[in-house]
Amino acid sequence: KQEVTQIPAALSVPEGENLVLNCSFTDSAIYNLQWFRQDPGKGLTSLLLIQSSQREQTSGRLNASLDKSSGRSTLYIAASQPGDSATYLCAVLGAAGNKLTFGGGTRVLVKP
Amino acid sequence: DAGVIQSPRHEVTEMGQEVTLRCKPISGHDYLFWYRQTMMRGLELLIYFNNNVPIDDSGMPEDRFSAKMPNASFSTLKIQPSEPRDSAVYFCASSPRQGERYGYTFGSGTRLTVV
């Protein structure tokens with residue numbers, strides 16, 4: 001059974017600092033990995049999708065890497081802003097059964 | 001595209017009542033998923049459909065929960081009778097098809113409170 005872990009559970013940084021969010025998963029047989037953002041009381045917004053054949057994806061200040069063999073992904077957010085404050089969730093799509101399994105999330109606070 | 005549309009946004013009901021949550025997936029998406037989010041357990045997959053057919057309902061907590069997809073543009077998740085422990089945010093998501101290029105798109109969720 002796939003297990004996805006995100007550490008730390010919460011993170012607080014001053015504005016302008018780079019953010020590094022970690023995600024690990026136990027089963028490397030995956031189709032892809034998605035990073036989502038969730039604001040309090042809101043739905044999930046997809047940020048980046050990394051296919052299993054890819055090593056990284058970039059969108060603006062966001063960069064996500066994937067090391068499938070070691071079961072790890074990292075989301076980098078450059079030059080953080082208060083508007084980046086949210087919970088970030090990683091989710092892995094298993095190659096068997098088409099199930100998206102979520103980590104517990106990292107709650108980020110960027111202080112002005 | 002309007003995205004995945006869920007209704008209602010909020011639902012408050014009394015214990016024992018029937019609750020029906022609704023979802024309209026993105027047109028052309030073959031897969032539809034129902035998730036539940038709680039503080040204690042995070043996001044859990046309840047059931048998913050492929051081309052309107054339920055494929056895996058192993059996440060449905062008990063017989064009080066049922067889900068249907070009568071056509072490609074509509075799905076319901078029903079709880080009967082509802083209990084306070086069912087209070088959670090229920091999300092619907094859809095995906096075009098299976099494969100590494102395809103991600104999930106989530107709706108805004110329905111926040112259910114059972115009192």
# chains A, B, ... in the order shown; residues from 1 in each chain; ligands from 1

call {"tool": "interface_residues", "arguments": {"of": "chain A", "to": "chain B", "cutoff": "12 Å", "atoms": "only C-alpha atoms", "output": "JSON, numbers by chain"}}
result
{"A": [3, 4, 5, 6, 29, 30, 31, 32, 33, 34, 35, 36, 37, 38, 39, 40, 41, 42, 43, 44, 45, 46, 47, 48, 49, 50, 51, 52, 53, 54, 87, 89, 90, 91, 92, 93, 94, 95, 96, 97, 98, 99, 100, 101, 102, 103, 104, 105, 106]}

call {"tool": "residues_around", "arguments": {"residues": "Glu17 of chain A", "least_positions_apart": "3", "cutoff": "7 Å", "atoms": "only C-alpha atoms", "output": "PyMOL selection string"}}
result
chain A and resi 13-14+79-80

call {"tool": "write_last_selection", "arguments": {"atoms": "N, CA, C and O atoms", "output": "PDB file, in the first residue's frame"}}
result
ATOM      1  N   VAL A  13       8.489  31.028   7.682  1.00  0.00           N
ATOM      2  CA  VAL A  13       9.687  31.682   7.163  1.00  0.00           C
ATOM      3  C   VAL A  13       9.426  33.166   6.974  1.00  0.00           C
ATOM      4  O   VAL A  13       8.264  33.584   6.775  1.00  0.00           O
ATOM      5  N   PRO A  14      10.472  33.987   7.008  1.00  0.00           N
ATOM      6  CA  PRO A  14      10.290  35.411   6.697  1.00  0.00           C
ATOM      7  C   PRO A  14      10.166  35.608   5.189  1.00  0.00           C
ATOM      8  O   PRO A  14      10.706  34.831   4.386  1.00  0.00           O
ATOM      9  N   ALA A  79      11.949  32.998  -3.359  1.00  0.00           N
ATOM     10  CA  ALA A  79      11.584  34.353  -2.911  1.00  0.00           C
ATOM     11  C   ALA A  79      10.150  34.395  -2.400  1.00  0.00           C
ATOM     12  O   ALA A  79       9.278  35.042  -2.989  1.00  0.00           O
ATOM     13  N   SER A  80       9.914  33.706  -1.303  1.00  0.00           N
ATOM     14  CA  SER A  80       8.546  33.543  -0.797  1.00  0.00           C
ATOM     15  C   SER A  80       7.882  34.884  -0.486  1.00  0.00           C
ATOM     16  O   SER A  80       8.540  35.885  -0.143  1.00  0.00           O
TER      17      SER A  80
END

call {"tool": "atom_distance", "arguments": {"atom1": "atom CA of Ala64 of chain A", "atom2": "atom CA of Asp84 of chain A"}}
result
15.5 Å

call {"tool": "select_by_dssp", "arguments": {"residues": "chain B", "states": "strand (DSSP E)", "output": "PyMOL selection string"}}
result
chain B and resi 5-7+10-13+19-24+31-38+42-50+53-56+65-71+74-79+88-95+105-106+110-114

call {"tool": "decode", "arguments": {"residues": "segment 13-25 of chain A", "atoms": "N, CA, C and O atoms", "output": "short mmCIF file (atom, residue, chain, number, x, y, z; two decimals), in the first residue's frame"}}
result
data_model
loop_
_atom_site.label_atom_id
_atom_site.label_comp_id
_atom_site.auth_asym_id
_atom_site.auth_seq_id
_atom_site.Cartn_x
_atom_site.Cartn_y
_atom_site.Cartn_z
N VAL A 13 8.49 31.03 7.68
CA VAL A 13 9.69 31.68 7.16
C VAL A 13 9.43 33.17 6.97
O VAL A 13 8.26 33.58 6.78
N PRO A 14 10.47 33.99 7.01
CA PRO A 14 10.29 35.41 6.70
C PRO A 14 10.17 35.61 5.19
O PRO A 14 10.71 34.83 4.39
N GLU A 15 9.46 36.63 4.82
CA GLU A 15 9.27 36.96 3.41
C GLU A 15 10.62 37.07 2.70
O GLU A 15 11.58 37.64 3.23
N GLY A 16 10.67 36.54 1.49
CA GLY A 16 11.88 36.61 0.71
C GLY A 16 12.75 35.36 0.78
O GLY A 16 13.57 35.12 -0.11
N GLU A 17 12.54 34.58 1.81
CA GLU A 17 13.33 33.35 1.96
C GLU A 17 12.79 32.30 1.00
O GLU A 17 11.60 32.26 0.68
N ASN A 18 13.67 31.41 0.55
CA ASN A 18 13.24 30.31 -0.31
C ASN A 18 12.62 29.20 0.53
O ASN A 18 13.07 28.90 1.64
N LEU A 19 11.56 28.58 -0.01
CA LEU A 19 10.87 27.50 0.69
C LEU A 19 11.28 26.17 0.08
O LEU A 19 11.39 26.04 -1.15
N VAL A 20 11.47 25.17 0.92
CA VAL A 20 11.78 23.81 0.48
C VAL A 20 10.83 22.86 1.19
O VAL A 20 10.88 22.72 2.41
N LEU A 21 9.98 22.22 0.41
CA LEU A 21 8.98 21.30 0.97
C LEU A 21 9.29 19.89 0.48
O LEU A 21 9.55 19.69 -0.71
N ASN A 22 9.26 18.95 1.39
CA ASN A 22 9.65 17.58 1.08
C ASN A 22 8.47 16.62 1.07
O ASN A 22 7.52 16.75 1.86
N CYS A 23 8.57 15.64 0.20
CA CYS A 23 7.54 14.61 0.07
C CYS A 23 8.25 13.28 -0.20
O CYS A 23 9.17 13.23 -1.03
N SER A 24 7.86 12.24 0.52
CA SER A 24 8.42 10.92 0.26
C SER A 24 7.30 9.91 0.10
O SER A 24 6.22 10.07 0.69
N PHE A 25 7.56 8.88 -0.71
CA PHE A 25 6.55 7.86 -0.96
C PHE A 25 7.22 6.49 -0.98
O PHE A 25 8.42 6.37 -1.25
#
